[in-house]
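Student: Take this structure first; my questions come after.
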Amino acid sequence: DVSGYYAAPVAPGDYPGVVMVHEWWGLNDTVKEMARNLAKEGYHVLAVDLFNGRVAADASEARQLTSAMDKESALKNMQAALLFLKDQKAAKVAVWGWCFGGGQAMQLSVSDAPLDATVIYYGSLETDNTKLGKIKWPVLGVFGEKDASIPVSAVRDFETKLDALSVEKEIYVYPGVGHAFANPSGESFAPKETMDAWEKTVRFLDKHLKN
């Protein structure tokens, strides 16, 4: 009883999958384009819709949508997306989220979901060691040095905890950029850093999902 946006490679074949989780704006055209771009790289992509078809027009509405969202229902939505990708014969599946979606990707990752990789772009980070101990796969984290929401100190603490748990990881903090720097429709958009992060992300996914 939930829906999302599905993008698949054009050529037939066996491909891994990615559950994609939108920012607090909702499942908008920017996220759909990102899903299509990733599909071209050889992935089944299911971009979830955690707001049931609603897309925020401004920050006030986005804040209302995130506040009203039922966390349990959101988790079940993402778990259903993972199962959908498995039904598409995706042998390995990752989750990738930005901002609000990064925080949701984090929650899926500590929910006993059978994932193979996690990608978080400037999302809220889990700090509970017991929950983090459920992650048995590689993690990619992308952050901005000037992010007031996810400070560098929180990123370094997260990195230290993953080290203690022997979780394979790649953590990048881009200097001079702030929160949501990879959103092309946002005021903080940083094209050069976004392109570099995209290339690092595709390389990370290829390494852990295709090999």
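To be explicit about the labels: the chains of the structure tokens are called A, B, and onward in the order shown, and within each one the residues are counted from 1, while ligands get numbers from 1 in the order they are shown.
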What's around range 160-165 of chain A at 10 Å? Count only C-alpha atoms, leave out sequence neighbours fewer than 3 positions away in its own chain, and write the answer as a VMD selection string.
Tutor: chain A and resid 126 to 130 132 to 136 138 to 139 154 to 157 168 to 169
Student: Could you please write out, as a PDB file with all heavy atoms, in the first residue's frame, every residue of range 29-61 of chain A that DSSP assigns to strand (DSSP E or B)?
Tutor:
```pdb
ATOM      1  N   HIS A  44      19.272  -1.095 -10.322  1.00  0.00           N
ATOM      2  CA  HIS A  44      17.844  -0.949 -10.076  1.00  0.00           C
ATOM      3  C   HIS A  44      17.708   0.053  -8.929  1.00  0.00           C
ATOM      4  O   HIS A  44      18.321  -0.123  -7.874  1.00  0.00           O
ATOM      5  CB  HIS A  44      17.219  -2.280  -9.641  1.00  0.00           C
ATOM      6  CG  HIS A  44      17.196  -3.317 -10.718  1.00  0.00           C
ATOM      7  ND1 HIS A  44      16.291  -3.286 -11.755  1.00  0.00           N
ATOM      8  CD2 HIS A  44      17.963  -4.418 -10.921  1.00  0.00           C
ATOM      9  CE1 HIS A  44      16.489  -4.323 -12.541  1.00  0.00           C
ATOM     10  NE2 HIS A  44      17.513  -5.027 -12.073  1.00  0.00           N
ATOM     11  N   VAL A  45      16.915   1.084  -9.109  1.00  0.00           N
ATOM     12  CA  VAL A  45      16.776   2.117  -8.083  1.00  0.00           C
ATOM     13  C   VAL A  45      15.306   2.292  -7.726  1.00  0.00           C
ATOM     14  O   VAL A  45      14.459   2.495  -8.608  1.00  0.00           O
ATOM     15  CB  VAL A  45      17.350   3.475  -8.554  1.00  0.00           C
ATOM     16  CG1 VAL A  45      17.299   4.486  -7.414  1.00  0.00           C
ATOM     17  CG2 VAL A  45      18.775   3.308  -9.065  1.00  0.00           C
ATOM     18  N   LEU A  46      14.999   2.203  -6.445  1.00  0.00           N
ATOM     19  CA  LEU A  46      13.645   2.482  -5.970  1.00  0.00           C
ATOM     20  C   LEU A  46      13.733   3.676  -5.021  1.00  0.00           C
ATOM     21  O   LEU A  46      14.256   3.559  -3.908  1.00  0.00           O
ATOM     22  CB  LEU A  46      13.070   1.262  -5.253  1.00  0.00           C
ATOM     23  CG  LEU A  46      11.541   1.203  -5.038  1.00  0.00           C
ATOM     24  CD1 LEU A  46      11.068   2.208  -4.007  1.00  0.00           C
ATOM     25  CD2 LEU A  46      10.785   1.399  -6.341  1.00  0.00           C
ATOM     26  N   ALA A  47      13.275   4.833  -5.483  1.00  0.00           N
ATOM     27  CA  ALA A  47      13.233   6.033  -4.649  1.00  0.00           C
ATOM     28  C   ALA A  47      11.926   6.016  -3.855  1.00  0.00           C
ATOM     29  O   ALA A  47      10.846   6.094  -4.441  1.00  0.00           O
ATOM     30  CB  ALA A  47      13.329   7.286  -5.506  1.00  0.00           C
ATOM     31  N   VAL A  48      12.018   5.888  -2.567  1.00  0.00           N
ATOM     32  CA  VAL A  48      10.820   5.769  -1.738  1.00  0.00           C
ATOM     33  C   VAL A  48      10.122   7.120  -1.603  1.00  0.00           C
ATOM     34  O   VAL A  48      10.716   8.177  -1.814  1.00  0.00           O
ATOM     35  CB  VAL A  48      11.159   5.230  -0.331  1.00  0.00           C
ATOM     36  CG1 VAL A  48      11.740   3.832  -0.419  1.00  0.00           C
ATOM     37  CG2 VAL A  48      12.125   6.161   0.395  1.00  0.00           C
TER      38      VAL A  48
END
```
Student: So which residues touch Glu170 in chain A within 9 Å, counting only C-alpha atoms, skipping near sequence neighbours fewer than 6 positions away, as an NGL selection string?
Tutor: :A and (138-142 or 159 or 204)
Student: Find the spatial neighbours of range 75-78 of chain A, counting only C-alpha atoms, within a cut-off of 7 Å - ignore same-chain residues fewer than 3 positions away - and output them as a PyMOL selection string.
Tutor: chain A and resi 2+48+71-72+81-82+108
Student: Put those residues in a file: C-alpha atoms, as a short mmCIF file (atom, residue, chain, number, x, y, z; two decimals), in the first residue's frame.
Tutor:
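Wrote it out as out.cif, contents follow:
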```
data_model
loop_
_atom_site.label_atom_id
_atom_site.label_comp_id
_atom_site.auth_asym_id
_atom_site.auth_seq_id
_atom_site.Cartn_x
_atom_site.Cartn_y
_atom_site.Cartn_z
CA VAL A 2 2.95 2.31 -0.60
CA VAL A 48 10.82 5.77 -1.74
CA LYS A 71 8.67 6.62 11.89
CA GLU A 72 7.47 3.03 12.01
CA ALA A 81 11.52 -1.04 -1.18
CA LEU A 82 14.40 -3.33 -0.29
CA LEU A 108 17.14 1.38 7.97
#
```
Student: Residues of range 49-136 of chain A that have any atom at most 12 Å from an atom of range 30-40 of chain A: could you tabulate them with the shortest-distance atom pair and the distance in Å to one decimal, using only C-alpha atoms, ordered by chain and increasing number, as a tab-separated table?
Tutor:
```
residue	atom	partner	partner_atom	distance
A:Asp49	CA	A:Val31	CA	10.3
A:Val55	CA	A:Val31	CA	11.4
A:Trp96	CA	A:Ala35	CA	10.5
A:Gly97	CA	A:Val31	CA	10.0
A:Trp98	CA	A:Val31	CA	9.7
A:Gly101	CA	A:Val31	CA	10.8
```
Student: Go ahead and save the picked residues with N, CA and C atoms, as a compact mmCIF listing (two decimals), in the first residue's frame.
Tutor:
```txt
# COMPACT_ATOMS: atom_id res chain seq x y z
N ASP A 49 8.87 7.06 -1.25
CA ASP A 49 8.08 8.27 -0.98
C ASP A 49 7.56 8.17 0.45
N VAL A 55 4.77 16.85 -1.71
CA VAL A 55 6.08 17.48 -1.92
C VAL A 55 6.01 18.89 -1.36
N TRP A 96 20.70 4.74 0.12
CA TRP A 96 21.38 6.02 -0.09
C TRP A 96 20.38 7.13 0.19
N GLY A 97 20.72 8.01 1.14
CA GLY A 97 19.82 9.11 1.46
C GLY A 97 20.56 10.40 1.70
N TRP A 98 19.85 11.50 1.47
CA TRP A 98 20.38 12.85 1.66
C TRP A 98 19.64 13.55 2.80
N GLY A 101 16.70 12.25 4.47
CA GLY A 101 16.78 10.90 3.92
C GLY A 101 18.03 10.17 4.38
```
Student: Restricting the calculation to only C-alpha atoms: of A:Val119, A:Met106, A:Ala180, A:Ala8, which residue gets closest to Ala148 in chain A?
Tutor: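 Using only C-alpha atoms, Ala148 in chain A sits closest to A:Ala180.
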Student: Got a sec: who's within 9 Å of His208 in chain A, counting only C-alpha atoms, leaving out chain neighbours fewer than 5 positions off, as a list in words?
Tutor: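 Counting only the stated atoms, we get Lys92, Asp116, Ala117, Trp137, Pro138 and Arg203 of chain A.
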Student: Given the selection you just returned, output its residues as a file containing N, CA, C and O atoms, formatted as a PDB file, in the first residue's frame.
Tutor:
```
ATOM      1  N   LYS A  92      22.580  -7.817  -4.490  1.00  0.00           N
ATOM      2  CA  LYS A  92      23.043  -6.938  -3.418  1.00  0.00           C
ATOM      3  C   LYS A  92      22.296  -5.613  -3.488  1.00  0.00           C
ATOM      4  O   LYS A  92      22.000  -5.127  -4.581  1.00  0.00           O
ATOM      5  N   ASP A 116      23.783  -4.349   1.959  1.00  0.00           N
ATOM      6  CA  ASP A 116      25.160  -4.639   1.591  1.00  0.00           C
ATOM      7  C   ASP A 116      26.034  -3.390   1.597  1.00  0.00           C
ATOM      8  O   ASP A 116      27.261  -3.484   1.478  1.00  0.00           O
ATOM      9  N   ALA A 117      25.417  -2.206   1.708  1.00  0.00           N
ATOM     10  CA  ALA A 117      26.158  -0.951   1.784  1.00  0.00           C
ATOM     11  C   ALA A 117      25.208   0.162   2.202  1.00  0.00           C
ATOM     12  O   ALA A 117      24.005   0.088   1.952  1.00  0.00           O
ATOM     13  N   TRP A 137      28.391  -4.078   7.045  1.00  0.00           N
ATOM     14  CA  TRP A 137      28.738  -3.796   5.649  1.00  0.00           C
ATOM     15  C   TRP A 137      29.377  -2.411   5.555  1.00  0.00           C
ATOM     16  O   TRP A 137      29.334  -1.633   6.512  1.00  0.00           O
ATOM     17  N   PRO A 138      29.956  -2.065   4.414  1.00  0.00           N
ATOM     18  CA  PRO A 138      30.644  -0.776   4.278  1.00  0.00           C
ATOM     19  C   PRO A 138      29.695   0.427   4.323  1.00  0.00           C
ATOM     20  O   PRO A 138      28.539   0.344   3.890  1.00  0.00           O
ATOM     21  N   ARG A 203      31.676   4.898  -7.473  1.00  0.00           N
ATOM     22  CA  ARG A 203      32.841   4.013  -7.316  1.00  0.00           C
ATOM     23  C   ARG A 203      32.665   3.114  -6.082  1.00  0.00           C
ATOM     24  O   ARG A 203      32.962   1.907  -6.137  1.00  0.00           O
TER      25      ARG A 203
END
```
Student: Could you name the residues that touch range 172-179 of chain A at 12 Å or less, counting only C-alpha atoms, but leaving out those on the same chain fewer than 3 positions away, as a PyMOL selection string?
Tutor: chain A and resi 23+98-100+102+119-124+139-156+159+169+182-183+186-198+200-201
Student: Once DSSP has gone over the backbone, tell me which residues of chain A are in alpha helix (DSSP H), as a ChimeraX atom specification.
Tutor: /A:29-40,59-68,71-87,100-109,129-132,152-164,191-205
Student: Could you check how far CA of Asp206 in chain A sits from CA of Val10 in chain A, in Å to one decimal?
Tutor: 17.6 Å
Student: Looking at only C-alpha atoms, which of A:Ala56, A:Ala80, A:Lys131, A:Ala91 is the one that sits closest to Ser111 in chain A?
Tutor: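 Using only C-alpha atoms, Ser111 in chain A sits closest to A:Lys131.
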Student: So what do you get for CA of Asn52 in chain A versus CA of His22 in chain A, distance-wise?
Tutor: 12.2 Å
